[in-house]
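Pasting entry_9.cif here (mmCIF, C-alpha atoms, pLDDT in the B column; chains and numbers go by the auth columns):
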data_target
loop_
_atom_site.group_PDB
_atom_site.id
_atom_site.type_symbol
_atom_site.label_atom_id
_atom_site.label_comp_id
_atom_site.label_asym_id
_atom_site.label_seq_id
_atom_site.Cartn_x
_atom_site.Cartn_y
_atom_site.Cartn_z
_atom_site.B_iso_or_equiv
_atom_site.auth_seq_id
_atom_site.auth_asym_id
ATOM 1 C CA MET A 1 38.284 -3.165 18.150 50.00 13 A
ATOM 2 C CA VAL A 2 35.828 -1.026 16.210 52.00 14 A
ATOM 3 C CA TRP A 3 34.334 -2.183 12.957 48.00 15 A
ATOM 4 C CA THR A 4 33.051 0.296 10.479 46.00 16 A
ATOM 5 C CA CYS A 5 31.370 -0.479 7.244 44.00 17 A
ATOM 6 C CA TYR A 6 30.473 1.844 4.470 50.00 18 A
ATOM 7 C CA PHE A 7 27.546 1.040 2.244 48.00 19 A
ATOM 8 C CA PRO A 8 26.837 3.640 -0.400 55.00 20 A
ATOM 9 C CA LEU A 9 23.280 4.865 -0.257 55.00 21 A
ATOM 10 C CA MET A 10 21.468 3.799 -3.341 52.00 22 A
ATOM 11 C CA PRO A 11 17.997 5.004 -4.099 57.00 23 A
ATOM 12 C CA ARG A 12 15.438 2.278 -3.577 66.00 24 A
ATOM 13 C CA VAL A 13 13.219 1.952 -6.596 67.00 25 A
ATOM 14 C CA ALA A 14 9.718 0.715 -5.847 74.00 26 A
ATOM 15 C CA THR A 15 8.264 -2.126 -7.848 78.00 27 A
ATOM 16 C CA PRO A 16 5.861 -0.699 -10.433 80.00 28 A
ATOM 17 C CA VAL A 17 2.179 -1.515 -10.021 84.00 29 A
ATOM 18 C CA CYS A 18 0.354 -2.367 -13.250 85.00 30 A
ATOM 19 C CA LEU A 19 -3.431 -2.423 -13.075 87.00 31 A
ATOM 20 C CA THR A 20 -5.851 -3.775 -15.601 87.00 32 A
ATOM 21 C CA GLU A 21 -8.798 -1.540 -16.386 90.00 33 A
ATOM 22 C CA THR A 22 -11.038 -3.960 -14.463 91.00 34 A
ATOM 23 C CA ASP A 23 -8.818 -3.780 -11.364 90.00 35 A
ATOM 24 C CA ARG A 24 -8.634 0.005 -11.569 92.00 36 A
ATOM 25 C CA MET A 25 -12.414 0.330 -11.801 93.00 37 A
ATOM 26 C CA GLU A 26 -12.894 -2.087 -8.892 94.00 38 A
ATOM 27 C CA LEU A 27 -10.468 -0.175 -6.657 93.00 39 A
ATOM 28 C CA GLU A 28 -12.068 3.157 -7.551 95.00 40 A
ATOM 29 C CA ARG A 29 -15.498 1.680 -6.790 95.00 41 A
ATOM 30 C CA TRP A 30 -14.302 0.472 -3.373 94.00 42 A
ATOM 31 C CA VAL A 31 -12.869 3.917 -2.585 95.00 43 A
ATOM 32 C CA ALA A 32 -16.133 5.640 -3.519 95.00 44 A
ATOM 33 C CA ALA A 33 -18.449 3.191 -1.718 93.00 45 A
ATOM 34 C CA HIS A 34 -19.811 4.402 1.625 92.00 46 A
ATOM 35 C CA ASN A 35 -19.735 0.944 3.188 91.00 47 A
ATOM 36 C CA THR A 36 -16.039 0.249 2.485 90.00 48 A
ATOM 37 C CA PRO A 37 -13.985 0.212 5.707 89.00 49 A
ATOM 38 C CA GLN A 38 -11.587 3.145 6.004 91.00 50 A
ATOM 39 C CA GLN A 39 -8.480 0.940 6.086 91.00 51 A
ATOM 40 C CA VAL A 40 -9.514 -0.813 2.862 92.00 52 A
ATOM 41 C CA SER A 41 -10.244 2.506 1.171 94.00 53 A
ATOM 42 C CA GLN A 42 -6.823 3.812 2.151 95.00 54 A
ATOM 43 C CA ARG A 43 -5.136 0.663 0.853 94.00 55 A
ATOM 44 C CA CYS A 44 -6.966 1.057 -2.465 95.00 56 A
ATOM 45 C CA GLN A 45 -5.884 4.697 -2.692 95.00 57 A
ATOM 46 C CA ILE A 46 -2.278 3.652 -2.034 95.00 58 A
ATOM 47 C CA VAL A 47 -2.394 1.103 -4.866 94.00 59 A
ATOM 48 C CA LEU A 48 -4.075 3.557 -7.242 94.00 60 A
ATOM 49 C CA ALA A 49 -1.415 6.189 -6.521 93.00 61 A
ATOM 50 C CA ALA A 50 1.330 3.588 -6.977 92.00 62 A
ATOM 51 C CA SER A 51 -0.148 2.601 -10.336 91.00 63 A
ATOM 52 C CA ARG A 52 0.184 6.240 -11.444 90.00 64 A
ATOM 53 C CA GLY A 53 3.927 5.955 -10.815 88.00 65 A
ATOM 54 C CA GLN A 54 4.140 7.927 -7.573 90.00 66 A
ATOM 55 C CA PRO A 55 7.043 6.963 -5.282 90.00 67 A
ATOM 56 C CA ASP A 56 6.297 5.555 -1.829 90.00 68 A
ATOM 57 C CA LYS A 57 7.526 8.649 0.021 92.00 69 A
ATOM 58 C CA ASP A 58 5.228 10.954 -1.974 92.00 70 A
ATOM 59 C CA ILE A 59 2.224 8.689 -1.392 93.00 71 A
ATOM 60 C CA ALA A 60 3.067 8.532 2.325 94.00 72 A
ATOM 61 C CA ALA A 61 3.275 12.324 2.505 94.00 73 A
ATOM 62 C CA ASP A 62 -0.067 12.724 0.683 94.00 74 A
ATOM 63 C CA PHE A 63 -1.885 10.366 3.074 94.00 75 A
ATOM 64 C CA GLU A 64 0.187 11.350 6.142 95.00 76 A
ATOM 65 C CA ILE A 65 1.252 7.766 6.832 94.00 77 A
ATOM 66 C CA ASN A 66 4.574 5.954 7.133 93.00 78 A
ATOM 67 C CA PHE A 67 6.280 5.159 3.823 90.00 79 A
ATOM 68 C CA ILE A 68 6.902 1.612 5.077 92.00 80 A
ATOM 69 C CA THR A 69 3.126 1.109 5.161 93.00 81 A
ATOM 70 C CA VAL A 70 2.911 2.236 1.550 93.00 82 A
ATOM 71 C CA ALA A 71 5.710 -0.128 0.519 92.00 83 A
ATOM 72 C CA LEU A 72 4.018 -2.967 2.421 92.00 84 A
ATOM 73 C CA TRP A 73 0.677 -2.561 0.646 92.00 85 A
ATOM 74 C CA ARG A 74 2.331 -2.076 -2.749 91.00 86 A
ATOM 75 C CA LYS A 75 4.176 -5.375 -2.250 91.00 87 A
ATOM 76 C CA ARG A 76 1.114 -7.212 -0.920 91.00 88 A
ATOM 77 C CA PHE A 77 -1.018 -6.063 -3.841 91.00 89 A
ATOM 78 C CA ILE A 78 1.596 -7.232 -6.336 90.00 90 A
ATOM 79 C CA THR A 79 1.980 -10.647 -4.693 90.00 91 A
ATOM 80 C CA GLU A 80 -1.581 -11.332 -3.486 89.00 92 A
ATOM 81 C CA GLY A 81 -3.929 -9.264 -5.665 86.00 93 A
ATOM 82 C CA SER A 82 -6.818 -6.920 -4.956 86.00 94 A
ATOM 83 C CA ASP A 83 -8.811 -9.290 -2.716 86.00 95 A
ATOM 84 C CA TYR A 84 -5.979 -9.217 -0.173 87.00 96 A
ATOM 85 C CA LEU A 85 -6.667 -5.519 0.452 88.00 97 A
ATOM 86 C CA TRP A 86 -9.681 -6.654 2.513 89.00 98 A
ATOM 87 C CA GLU A 87 -7.630 -8.940 4.795 85.00 99 A
ATOM 88 C CA VAL A 88 -7.275 -7.982 8.463 73.00 100 A
ATOM 89 C CA ALA A 89 -4.362 -9.512 10.355 71.00 101 A
ATOM 90 C CA GLU A 90 -5.302 -11.870 13.166 72.00 102 A
ATOM 91 C CA GLY A 91 -5.412 -10.099 16.504 72.00 103 A
ATOM 92 C CA ARG A 92 -6.376 -6.755 14.939 68.00 104 A
ATOM 93 C CA GLY A 93 -9.653 -4.985 15.377 67.00 105 A
ATOM 94 C CA ARG A 94 -12.217 -4.946 18.107 74.00 106 A
ATOM 95 C CA LYS A 95 -12.278 -7.972 20.369 76.00 107 A
ATOM 96 C CA PRO A 96 -15.575 -9.873 20.697 76.00 108 A
ATOM 97 C CA THR A 97 -17.350 -9.356 24.011 78.00 109 A
#
Could you quickly redo this structure as structure tokens?
Amino acid sequence: MVWTCYFPLMPRVATPVCLTETDRMELERWVAAHNTPQQVSQRCQIVLAASRGQPDKDIAADFEINFITVALWRKRFITEGSDYLWEVAEGRGRKPT
């Protein structure tokens, strides 16, 4: 017996990112700072692009990354705030010697 299901493809609309002027300035400052880690800078750029209304796929194409990564950081920023952009998942990064 073969089961087939048809689900119409509906465009997925990303949750809009609304930034206060203070948040926007802070993210832009982190992007411009020379001592900001590259991953944090990229996350800030993702959020800034999302706040301008760009869709995830366009942001992903601009930064040459997976659109799932863009969606992940958009969601995390909305739920956790700007300080979460600095978080590194446990087990990531260089191991202590």
Would you write out, as an mmCIF file with C-alpha atoms, keeping the file's coordinate frame, every residue that the PyMOL selection byres ((chain A and resi 24-35) around 9) captures in this file?
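Done, and the output landed in part08.cif:
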data_model
loop_
_atom_site.group_PDB
_atom_site.id
_atom_site.type_symbol
_atom_site.label_atom_id
_atom_site.label_comp_id
_atom_site.auth_asym_id
_atom_site.auth_seq_id
_atom_site.Cartn_x
_atom_site.Cartn_y
_atom_site.Cartn_z
ATOM 1 C CA LEU A 21 23.280 4.865 -0.257
ATOM 2 C CA MET A 22 21.468 3.799 -3.341
ATOM 3 C CA PRO A 23 17.997 5.004 -4.099
ATOM 4 C CA ARG A 36 -8.634 0.005 -11.569
ATOM 5 C CA MET A 37 -12.414 0.330 -11.801
ATOM 6 C CA GLU A 38 -12.894 -2.087 -8.892
ATOM 7 C CA LEU A 39 -10.468 -0.175 -6.657
ATOM 8 C CA GLU A 40 -12.068 3.157 -7.551
ATOM 9 C CA VAL A 59 -2.394 1.103 -4.866
ATOM 10 C CA LEU A 60 -4.075 3.557 -7.242
ATOM 11 C CA ALA A 62 1.330 3.588 -6.977
ATOM 12 C CA SER A 63 -0.148 2.601 -10.336
ATOM 13 C CA ARG A 64 0.184 6.240 -11.444
ATOM 14 C CA GLY A 65 3.927 5.955 -10.815
ATOM 15 C CA PRO A 67 7.043 6.963 -5.282
ATOM 16 C CA ASP A 68 6.297 5.555 -1.829
ATOM 17 C CA ALA A 83 5.710 -0.128 0.519
ATOM 18 C CA ARG A 86 2.331 -2.076 -2.749
ATOM 19 C CA LYS A 87 4.176 -5.375 -2.250
ATOM 20 C CA PHE A 89 -1.018 -6.063 -3.841
ATOM 21 C CA ILE A 90 1.596 -7.232 -6.336
ATOM 22 C CA SER A 94 -6.818 -6.920 -4.956
#
Taking (-5.9, -0.3, 0.4) in the file's own coordinates, collect the residues within 10 Å, counting all atoms listed in the file, and hand them back as a PyMOL selection string.
chain A and resi 39+42-43+49-60+82+85-86+88-89+94-99
Which distance in Å separates CA of Ala72 (chain A) and CA of Gly103 (chain A), to one decimal?
24.9 Å
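Taking CA of Phe79 (chain A) as the reference point, CA of Ala61 (chain A) is found at 12.9 Å.
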Determine the axis-aligned bounding box of all atoms of region 74-92 of chain A present in the file, pad each side by 6 Å, and express its centre and edge lengths in Å to one decimal place as lines of an AutoDock Vina configuration file.
center_x = 2.5
center_y = 0.7
center_z = 0.4
size_x = 20.8
size_y = 36.1
size_z = 25.5
Atomic separation - CA of Thr91 (chain A) relative to CA of Phe75 (chain A), Å:
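Value for the CA of Phe75 (chain A)-CA of Thr91 (chain A) distance: 22.7 Å.
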What would region 33-72 of chain A look like if you wrote it out as an mmCIF file, in the first residue's frame, with N, CA and C atoms included, from the block I just posted?
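As a result, part-v9.cif now contains:
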data_model
loop_
_atom_site.group_PDB
_atom_site.id
_atom_site.type_symbol
_atom_site.label_atom_id
_atom_site.label_comp_id
_atom_site.auth_asym_id
_atom_site.auth_seq_id
_atom_site.Cartn_x
_atom_site.Cartn_y
_atom_site.Cartn_z
ATOM 1 N N GLU A 33 16.037 52.186 18.217
ATOM 2 C CA GLU A 33 17.212 52.925 17.742
ATOM 3 C C GLU A 33 18.446 52.548 18.555
ATOM 4 N N THR A 34 18.262 52.303 19.849
ATOM 5 C CA THR A 34 19.374 51.889 20.714
ATOM 6 C C THR A 34 19.920 50.534 20.283
ATOM 7 N N ASP A 35 19.034 49.572 20.017
ATOM 8 C CA ASP A 35 19.472 48.253 19.561
ATOM 9 C C ASP A 35 20.198 48.346 18.224
ATOM 10 N N ARG A 36 19.641 49.129 17.314
ATOM 11 C CA ARG A 36 20.257 49.279 15.993
ATOM 12 C C ARG A 36 21.674 49.856 16.119
ATOM 13 N N MET A 37 21.817 50.877 16.935
ATOM 14 C CA MET A 37 23.140 51.494 17.103
ATOM 15 C C MET A 37 24.119 50.512 17.736
ATOM 16 N N GLU A 38 23.642 49.723 18.707
ATOM 17 C CA GLU A 38 24.502 48.746 19.367
ATOM 18 C C GLU A 38 24.967 47.673 18.378
ATOM 19 N N LEU A 39 24.060 47.161 17.566
ATOM 20 C CA LEU A 39 24.425 46.149 16.578
ATOM 21 C C LEU A 39 25.396 46.706 15.540
ATOM 22 N N GLU A 40 25.155 47.915 15.091
ATOM 23 C CA GLU A 40 26.075 48.543 14.127
ATOM 24 C C GLU A 40 27.446 48.779 14.743
ATOM 25 N N ARG A 41 27.476 49.117 16.023
ATOM 26 C CA ARG A 41 28.756 49.309 16.725
ATOM 27 C C ARG A 41 29.514 47.987 16.827
ATOM 28 N N TRP A 42 28.803 46.904 17.129
ATOM 29 C CA TRP A 42 29.443 45.588 17.221
ATOM 30 C C TRP A 42 29.993 45.147 15.871
ATOM 31 N N VAL A 43 29.267 45.448 14.791
ATOM 32 C CA VAL A 43 29.734 45.073 13.454
ATOM 33 C C VAL A 43 31.008 45.840 13.110
ATOM 34 N N ALA A 44 31.065 47.105 13.471
ATOM 35 C CA ALA A 44 32.204 47.951 13.113
ATOM 36 C C ALA A 44 33.426 47.737 14.008
ATOM 37 N N ALA A 45 33.234 47.208 15.205
ATOM 38 C CA ALA A 45 34.347 47.047 16.147
ATOM 39 C C ALA A 45 35.322 45.980 15.649
ATOM 40 N N HIS A 46 36.602 46.244 15.803
ATOM 41 C CA HIS A 46 37.640 45.311 15.349
ATOM 42 C C HIS A 46 37.780 44.104 16.267
ATOM 43 N N ASN A 47 37.342 44.226 17.501
ATOM 44 C CA ASN A 47 37.516 43.118 18.446
ATOM 45 C C ASN A 47 36.273 42.230 18.571
ATOM 46 N N THR A 48 35.255 42.463 17.744
ATOM 47 C CA THR A 48 34.064 41.621 17.760
ATOM 48 C C THR A 48 34.367 40.333 16.995
ATOM 49 N N PRO A 49 34.076 39.168 17.588
ATOM 50 C CA PRO A 49 34.300 37.914 16.864
ATOM 51 C C PRO A 49 33.495 37.884 15.557
ATOM 52 N N GLN A 50 34.045 37.213 14.559
ATOM 53 C CA GLN A 50 33.422 37.176 13.240
ATOM 54 C C GLN A 50 32.008 36.611 13.287
ATOM 55 N N GLN A 51 31.790 35.562 14.076
ATOM 56 C CA GLN A 51 30.456 34.957 14.133
ATOM 57 C C GLN A 51 29.434 35.921 14.729
ATOM 58 N N VAL A 52 29.848 36.713 15.703
ATOM 59 C CA VAL A 52 28.935 37.691 16.312
ATOM 60 C C VAL A 52 28.633 38.806 15.321
ATOM 61 N N SER A 53 29.646 39.251 14.599
ATOM 62 C CA SER A 53 29.453 40.289 13.593
ATOM 63 C C SER A 53 28.475 39.829 12.519
ATOM 64 N N GLN A 54 28.627 38.583 12.080
ATOM 65 C CA GLN A 54 27.724 38.056 11.064
ATOM 66 C C GLN A 54 26.296 37.962 11.595
ATOM 67 N N ARG A 55 26.137 37.537 12.825
ATOM 68 C CA ARG A 55 24.809 37.461 13.429
ATOM 69 C C ARG A 55 24.163 38.843 13.490
ATOM 70 N N CYS A 56 24.953 39.845 13.864
ATOM 71 C CA CYS A 56 24.444 41.222 13.917
ATOM 72 C C CYS A 56 24.024 41.694 12.527
ATOM 73 N N GLN A 57 24.819 41.371 11.519
ATOM 74 C CA GLN A 57 24.482 41.768 10.152
ATOM 75 C C GLN A 57 23.200 41.089 9.686
ATOM 76 N N ILE A 58 23.015 39.828 10.086
ATOM 77 C CA ILE A 58 21.778 39.112 9.753
ATOM 78 C C ILE A 58 20.577 39.829 10.357
ATOM 79 N N VAL A 59 20.664 40.187 11.628
ATOM 80 C CA VAL A 59 19.550 40.853 12.311
ATOM 81 C C VAL A 59 19.290 42.231 11.708
ATOM 82 N N LEU A 60 20.348 42.960 11.392
ATOM 83 C CA LEU A 60 20.175 44.283 10.783
ATOM 84 C C LEU A 60 19.489 44.168 9.422
ATOM 85 N N ALA A 61 19.895 43.187 8.620
ATOM 86 C CA ALA A 61 19.253 42.988 7.318
ATOM 87 C C ALA A 61 17.795 42.576 7.494
ATOM 88 N N ALA A 62 17.526 41.724 8.471
ATOM 89 C CA ALA A 62 16.151 41.296 8.740
ATOM 90 C C ALA A 62 15.288 42.478 9.176
ATOM 91 N N SER A 63 15.882 43.399 9.923
ATOM 92 C CA SER A 63 15.108 44.562 10.381
ATOM 93 C C SER A 63 14.764 45.507 9.226
ATOM 94 N N ARG A 64 15.529 45.411 8.135
ATOM 95 C CA ARG A 64 15.224 46.216 6.940
ATOM 96 C C ARG A 64 14.159 45.553 6.065
ATOM 97 N N GLY A 65 13.678 44.372 6.501
ATOM 98 C CA GLY A 65 12.607 43.705 5.787
ATOM 99 C C GLY A 65 13.061 42.705 4.740
ATOM 100 N N GLN A 66 14.349 42.398 4.681
ATOM 101 C CA GLN A 66 14.834 41.434 3.707
ATOM 102 C C GLN A 66 14.393 40.026 4.082
ATOM 103 N N PRO A 67 13.982 39.217 3.108
ATOM 104 C CA PRO A 67 13.627 37.821 3.406
ATOM 105 C C PRO A 67 14.868 36.982 3.694
ATOM 106 N N ASP A 68 14.671 35.874 4.394
ATOM 107 C CA ASP A 68 15.782 35.018 4.804
ATOM 108 C C ASP A 68 16.623 34.544 3.627
ATOM 109 N N LYS A 69 15.987 34.165 2.534
ATOM 110 C CA LYS A 69 16.740 33.648 1.382
ATOM 111 C C LYS A 69 17.632 34.718 0.765
ATOM 112 N N ASP A 70 17.189 35.966 0.736
ATOM 113 C CA ASP A 70 18.018 37.045 0.200
ATOM 114 C C ASP A 70 19.206 37.325 1.117
ATOM 115 N N ILE A 71 18.963 37.322 2.422
ATOM 116 C CA ILE A 71 20.049 37.541 3.381
ATOM 117 C C ILE A 71 21.071 36.416 3.254
ATOM 118 N N ALA A 72 20.585 35.178 3.156
ATOM 119 C CA ALA A 72 21.471 34.020 3.018
ATOM 120 C C ALA A 72 22.315 34.130 1.751
#
